[in-house]
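As structure tokens, the structure follows; a few thoughts come after it.
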Amino acid sequence: MRKNQRVTASIRNTWEHFPHGADIGVRGVGPTKEAAFEQIALALTGVVTDPLRVRPALPVHVSCQAPSDDLLLVDWLNALVYEMATRRMLFGAYSVAISDSRLKATAWGEAVDLDRHEPAVEIKGATYTALRLACLEDGHWLAQCVVDV
């Protein structure tokens, strides 16, 4: 299980993986809903490679909308899976804005380098399994689901 924790000025941002049968659970926690979406995107990258190995060289703009924010989370991850597959890129940094169940984001990354990135698996897509988007008791946001690999 890969896990990354970054503490900045008493604001906790984390991402991690959790086991789920043959698939992989991805989870992000942040001080805002947007930060949780950014962290779960890093967890998605972490399924394939260490996000710290990915240079944020090229920006890719992503937008999506859904009838609810939890469904927006799945759409966001699937949009990233699509961009990674069609552009043959990996992303290591994200910036997300959410308003009225609409997401506008930028993912920064680079073309896959097999020697440096050593991709572990190919992600087929995000699922509704273990889908959860919630504000926790401490005020941080949790975003999670299972991805099909």
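Going through the structure tokens in order, the chains are called A, B, and so on, while each chain numbers its residues from 1 and the ligands are numbered from 1 in the order shown.
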Spatial neighbours of A:Val149, max dist 9 Å, only C-alpha atoms, sep filter under 3 positions, as a PyMOL selection string: chain A and resi 22-24+47+121-125
Which residues come within 10 Å of A:Asp50, counting only C-alpha atoms, excluding same-chain residues fewer than 2 positions away, as a compact mmCIF listing (two decimals) with C-alpha atoms, in the first residue's frame?
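The resulting file, around_38.txt, is shown below:
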# COMPACT_ATOMS: atom_id res chain seq x y z
CA ARG A 2 1.48 3.34 -1.04
CA LYS A 3 0.81 6.31 1.17
CA ASN A 4 1.85 9.94 1.03
CA LEU A 42 -2.63 11.82 -6.73
CA ALA A 43 -3.74 8.46 -5.32
CA THR A 45 -1.52 8.41 -10.23
CA GLY A 46 0.00 6.43 -7.36
CA VAL A 47 -1.71 3.28 -8.63
CA VAL A 48 0.46 3.54 -11.76
CA LEU A 52 6.86 12.35 -7.29
CA ARG A 53 8.46 10.78 -10.40
CA VAL A 54 6.11 12.71 -12.69
CA GLY A 92 1.74 14.52 -10.81
CA ARG A 116 11.68 6.38 -15.09
CA HIS A 117 8.00 5.89 -14.26
CA GLU A 118 8.03 2.06 -14.22
CA PRO A 119 4.22 1.88 -14.62
CA ALA A 120 2.76 -0.87 -12.43
Let me make sure I understand: among A:Cys135, A:Leu73, A:Cys145, A:Ile40, which one has the smallest atom-to-atom distance to A:Pro19 if we use only C-alpha atoms? A:Cys145
Among stretch 23-81 of chain A, which ones does DSSP place in strand (DSSP E), written as a short mmCIF file (atom, residue, chain, number, x, y, z; two decimals) with C-alpha atoms, in the first residue's frame?
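Written out: out.cif:
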data_model
loop_
_atom_site.label_atom_id
_atom_site.label_comp_id
_atom_site.auth_asym_id
_atom_site.auth_seq_id
_atom_site.Cartn_x
_atom_site.Cartn_y
_atom_site.Cartn_z
CA ASP A 23 -9.02 -3.82 -7.58
CA ILE A 24 -7.51 -0.87 -5.69
CA GLY A 25 -9.20 1.68 -3.46
CA VAL A 26 -8.05 5.29 -3.76
CA ARG A 27 -8.61 7.88 -1.08
CA GLY A 28 -7.82 11.57 -0.69
CA VAL A 29 -8.20 13.87 2.30
CA GLY A 30 -7.86 17.63 2.28
CA LEU A 58 2.47 20.08 -19.52
CA PRO A 59 -0.95 21.35 -18.38
CA VAL A 60 -4.09 19.51 -19.44
CA HIS A 61 -7.44 21.16 -18.75
CA VAL A 62 -10.27 18.93 -17.59
CA SER A 63 -13.90 19.80 -17.01
CA CYS A 64 -16.90 17.70 -16.11
CA GLN A 65 -20.26 17.96 -14.45
#
Enumerate as a ChimeraX atom specification all residues of chain A assigned to alpha helix (DSSP H) by DSSP on the backbone, naming them with the chain letters and numbers the document uses. /A:33-48,69-87,114-117
Computed interatomic separation between atom CA of A:Leu114 and atom CA of A:Asn13 (Å): 28.3 Å
List the neighbours of A:Leu77 out to 8 Å using only C-alpha atoms; skip same-chain residues closer than 6 positions along the sequence, and give me the result as a short mmCIF file (atom, residue, chain, number, x, y, z; two decimals) with C-alpha atoms, in the first residue's frame.
data_model
loop_
_atom_site.label_atom_id
_atom_site.label_comp_id
_atom_site.auth_asym_id
_atom_site.auth_seq_id
_atom_site.Cartn_x
_atom_site.Cartn_y
_atom_site.Cartn_z
CA ALA A 41 -6.14 12.25 -8.17
CA LEU A 44 -4.94 7.56 -8.83
CA GLY A 125 -11.73 3.23 -14.69
CA ALA A 126 -13.20 4.51 -11.46
#
Can you tell me, as a list of chain:residue names, what residues are no more than 8 Å from A:Leu90 when counting only C-alpha atoms, ignoring any on the same chain fewer than 3 positions away?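 Those residues are A:Thr45, A:Val54, A:Met84, A:Gly109, A:Glu110, A:Ala111, A:Val112.
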Nearest candidate to A:Thr32 (options A:Trp76, A:Trp141, A:Tyr94, A:Trp15; using only C-alpha atoms): A:Trp141
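Using only C-alpha atoms, the shortest contact distance between A:Pro56 and any of A:Thr106, A:Glu83, A:Arg88, A:Ser68 is found at A:Thr106.
Using only C-alpha atoms, the smallest distance between any of A:Thr86, A:Gln144, A:Thr49, A:Ser99 and A:Ala36 comes from A:Gln144.
Comparing the minimum interatomic distances between A:Leu72 and each of A:Phe18, A:Phe91, A:Tyr128, A:Trp108, counting only C-alpha atoms, we find that A:Tyr128 sits nearest.
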